[in-house]
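Enquirer: The structure follows.
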Amino acid sequence: MQNLPQGYSTMHLISAKLTVNGITQLKQLKNMDTDKDKNSNSENTGLVEVYDTTLRDGTQGEGFSLSIDDKLMIAGILDELGIHFIEGGFPASNPKDKKFFELVSKKTLKNSKLTAFGSTRKKNVSAKDDAGLNVLAETAVNYITIVGKSWDLHVESVLKISLNENLDIIADSIGFLKSCGKKVFFDAEHFFDGFKNNEDYAVKTINTAFSAGADKVVLCDTNGGSLPDDISKIIDKLKTLYKINITRLGIHTHNDTDCAVANTIAAVLGGIRHIQGTINGYGERTGNANLSSIIPNLELKAGFKTIGKKRLKNLLKVSRLIDEISNNTPVKNMPYVGESAFAHKAGLHANAVLKNPSSYEHIDPSLVGNNRRFLISDLSGKSNIEAKAKELGLDMGVLSASQEAELLNKIKELESLGFNFESADGSFKILLNKYSSEDYKNKEYFKLIAFRVNIEKTVDKNIFSEAVVMIEVKGKTEHTVAVGDGPVNALDNALRKALVKFYPVLNEMKLTDFKVRVISNKTKSGTASYVRVLIESSDKEEKWTTLGVSENIIEASYIALVDGIIYKLDKEETI
């Protein structure tokens with residue numbers, strides 16, 4: 001990440017690295033609005049500060065791990081998105097986070113302030129002699145977040161110290177960091193549990209932190225066990241009974257009751273103007289508050305400003321990029337940024353959306369960078385087919401009413417056999433073409449004569465796959481043999497070998513994903529069941545998915561492979 005060529009930013013390097021993995025949408029991030037948000041006077045402007053802890057709390061989630069380079073990339077992405085505070089990690093806990101702060105300090109963030117995380121001093125050690133606090137004091141950032149106890153149960157049962165001694169630890173730790181010129185956020189750990197158990201003491205921890213100079217006290221629902229009503233009532237009590245300036249407080253919730261987003265919004269509606277969470281809700285156990293939902297909820301629903309509406313249009317891209325960098329599969333049904341967030345399957349819904357999108361969409365998908373999708377299945381009606389055809393760039397006006405009905409019945413019939421067109425736009429487009437054009441129905445790029453696939457295990461215990469394909473192409477018989485890493489790869493190689501001399505454009509095409517699913521069958525089960533194969537193919541311009549269904553996995557794979565090839569050849573004919 002160092003010594004970039006002249007004229008290149010961190011985001012250029014991120015885009016270059018991710019393009020290798022097929023991620024090109026990051027280039028568009030540079031078109032974001034770059035007006036800086038002002039973080040001060042948030043109580044007067046309606047601004048809610050967004051504090052992202054993906055790089056620290058997010059990495060505590062199962063299956064979420066980041067290298068130093070990954071963290072540097074994500075920091076750049078979050079900065080471009082306009083996040084106000086980025087918590088980079090816990091430099092006193094591991095060498096990787098310490099090195100991250102050394103490297104990131106050499107970068108210039110345009111919109112975000114970097115924060116280092118740590119904890120209050122250990123008992124029986126003064127703050128100035130505490131090793132962890134000294135690491136924080138030496139870290140090249142202006143903002144420090146430290147976590148301390150606010151639940152009397154933890155103080156007496158976990159730390160095994162007196163309640164007053166814990167208050168001294170809080171005051172001493174914050175005072176030391178302030179004396180080093182740092183701005184300090186105090187995370188009041190387990191605050192809501194502590195308040196329910198001993199509210200006077202929980203409030204004392206807040207007041208002690210403020211008296212020691214804390215710039216912000218963040219109320220943490222660390223166990224994730226609170227409900228929105230709990231949050232609202234406690235915040236209201238802090239305002240009315242304890243006369244605490246709510247705008248100096250923040251909220252940090254976990255998702256153990258699936259209420260982290262709702263709890264955060266309840267806190268903001270109660271007057272809090274600083275929220276903490278992670279992109280896509282990554283985090284320990286069931287995760288942290290999901291900023292991918294909270295930010296649009298506040299911007300589009302509750303009337304607050306967070307990152308601004310122009311940057312909000314890049315939310316989906318950022319969500320997908322962080323999934324990609326962390327090697328996690330995007331959650332399809334995630335609100336706002338999920339692939340299914342604006343997908344319509346029922347015919348009644350599709351018909352209504354075509355007439356008025358707001359009938360079944362709570363926002364315009366483009367506001368968060370997403371798209372409307374229409375799914376094809378046995379639940380589909382005429383409207384689904386028309387909408388899907390339009391989405392794929394096809395004209396349904398050429399079909400008569402009887403052709404439309406015939407196509408719909410055919411889709412329902414194939415779906416009942418195990419086909420799943422909502423996951424295979426490529427195969428659906430081919431099917432649609434067959435019904436919209438007599439010429440297409442009679443078109444044949446090649447005809448199968450026979451194929452055979454052998455799988456052998458050699459004496460050195462290697463698995464050997466060989467495919468033999470005999471096809472007729474333009475009146476000529478082609479007989480080819482190819483090997484592959486597996487039976488499907490061998491079959492694909494043999495098909496390409498036979499076809500590429502007639503259709504050189506197939507050299508541009510490659511297989512990028514292969515999925516198999518057993519389909520439940522009333523008369524057959526286990527290895528005798530039908531299987532559905534989904535194959536994702538790509539070229540330099542796009543990706544497409546095709547499918548095949550059969551009792552035989554090789555035949556199902558062949559059907560999907562052939563559709564993938566036909567899709568590519570159809571596409572080239574229209575260019």
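Residues in the structure tokens are named by chain (A, B, ... in the order shown) and by number from 1 within that chain; ligands are numbered from 1 in the order shown.
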Hey, what's within 10 Å of stretch 57-61 of chain A if we count only C-alpha atoms and toss same-chain stuff fewer than 6 positions away? As an mmCIF file with N, CA and C atoms, in the first residue's frame, please?

Expert:
data_model
loop_
_atom_site.group_PDB
_atom_site.id
_atom_site.type_symbol
_atom_site.label_atom_id
_atom_site.label_comp_id
_atom_site.auth_asym_id
_atom_site.auth_seq_id
_atom_site.Cartn_x
_atom_site.Cartn_y
_atom_site.Cartn_z
ATOM 1 N N GLU A 87 -13.115 2.728 13.545
ATOM 2 C CA GLU A 87 -12.335 2.094 14.606
ATOM 3 C C GLU A 87 -11.428 1.048 13.962
ATOM 4 N N GLY A 88 -10.119 1.307 13.990
ATOM 5 C CA GLY A 88 -9.185 0.494 13.233
ATOM 6 C C GLY A 88 -8.747 -0.793 13.889
ATOM 7 N N GLY A 89 -8.914 -0.895 15.214
ATOM 8 C CA GLY A 89 -8.475 -2.112 15.881
ATOM 9 C C GLY A 89 -7.986 -1.839 17.286
ATOM 10 N N PHE A 90 -7.369 -2.851 17.872
ATOM 11 C CA PHE A 90 -6.948 -2.873 19.280
ATOM 12 C C PHE A 90 -5.419 -3.018 19.276
ATOM 13 N N PHE A 117 -8.786 1.424 19.603
ATOM 14 C CA PHE A 117 -9.584 0.858 20.691
ATOM 15 C C PHE A 117 -8.685 0.252 21.766
ATOM 16 N N GLY A 277 -21.630 0.571 14.893
ATOM 17 C CA GLY A 277 -22.053 -0.694 14.302
ATOM 18 C C GLY A 277 -21.045 -1.157 13.275
ATOM 19 N N THR A 278 -21.431 -2.146 12.480
ATOM 20 C CA THR A 278 -20.546 -2.703 11.451
ATOM 21 C C THR A 278 -21.302 -2.829 10.137
ATOM 22 N N ILE A 279 -20.575 -2.762 9.039
ATOM 23 C CA ILE A 279 -21.190 -3.010 7.729
ATOM 24 C C ILE A 279 -21.657 -4.470 7.684
ATOM 25 N N ASN A 280 -22.878 -4.667 7.240
ATOM 26 C CA ASN A 280 -23.504 -5.993 7.115
ATOM 27 C C ASN A 280 -23.725 -6.686 8.459
ATOM 28 N N GLY A 281 -23.515 -5.967 9.567
ATOM 29 C CA GLY A 281 -23.807 -6.538 10.884
ATOM 30 C C GLY A 281 -22.812 -7.567 11.363
ATOM 31 N N TYR A 282 -21.615 -7.609 10.778
ATOM 32 C CA TYR A 282 -20.615 -8.572 11.237
ATOM 33 C C TYR A 282 -20.261 -8.319 12.696
ATOM 34 N N GLY A 283 -19.942 -9.396 13.426
ATOM 35 C CA GLY A 283 -19.530 -9.247 14.814
ATOM 36 C C GLY A 283 -19.685 -10.539 15.591
ATOM 37 N N GLU A 284 -19.277 -10.487 16.822
ATOM 38 C CA GLU A 284 -19.272 -11.667 17.689
ATOM 39 C C GLU A 284 -20.686 -12.218 17.890
ATOM 40 N N ARG A 285 -20.756 -13.539 18.064
ATOM 41 C CA ARG A 285 -22.021 -14.261 18.265
ATOM 42 C C ARG A 285 -22.961 -14.009 17.080
ATOM 43 N N THR A 286 -24.058 -13.288 17.311
ATOM 44 C CA THR A 286 -25.007 -13.026 16.220
ATOM 45 C C THR A 286 -24.767 -11.684 15.552
ATOM 46 N N GLY A 287 -23.696 -11.019 15.917
ATOM 47 C CA GLY A 287 -23.304 -9.813 15.208
ATOM 48 C C GLY A 287 -23.615 -8.514 15.920
ATOM 49 N N ASN A 288 -23.129 -7.441 15.316
ATOM 50 C CA ASN A 288 -23.345 -6.078 15.810
ATOM 51 C C ASN A 288 -24.512 -5.421 15.082
ATOM 52 N N SER A 326 -13.564 -9.950 2.765
ATOM 53 C CA SER A 326 -13.540 -10.856 3.917
ATOM 54 C C SER A 326 -13.883 -12.292 3.537
#

Enquirer: Find, counting only C-alpha atoms, the residue in A:Val473, A:Ile455, A:Val518, A:Val48 that gets nearest to A:Lys501.

Expert: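 Going through A:Val473, A:Ile455, A:Val518, A:Val48 one by one, the smallest distance to A:Lys501 is for A:Val473.
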
Enquirer: Write out as an MDAnalysis selection string which residues come within 7 Å of A:Ile68 when counting only C-alpha atoms, dropping same-chain ones fewer than 2 positions away.

Expert: chainID A and resid 66 70:72 96 100

Enquirer: So which one's closest to A:Thr115, A:Asp323, A:Glu572, A:Glu102, A:Asp52? Using only C-alpha atoms, please.

Expert: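 Among the listed residues, A:Asp52 lies closest to A:Thr115.
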
Enquirer: Ranking A:Lys160, A:Ile463, A:Asn454, A:Asp570 by minimum distance to A:Val481 and counting only C-alpha atoms, which one comes first?

Expert: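 Among the listed residues, the smallest separation from A:Val481 belongs to A:Asn454.
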
Enquirer: Calculated over only C-alpha atoms, which of the candidates A:Phe192, A:Tyr143, A:Tyr242, A:Phe446 has the smallest distance to A:His254?

Expert: A:Phe192

Enquirer: For atom CA of A:Val261 and atom CA of A:Phe101, quote the distance in Å rounded to one decimal.

Expert: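 Distance between the two atoms: 29.2 Å.
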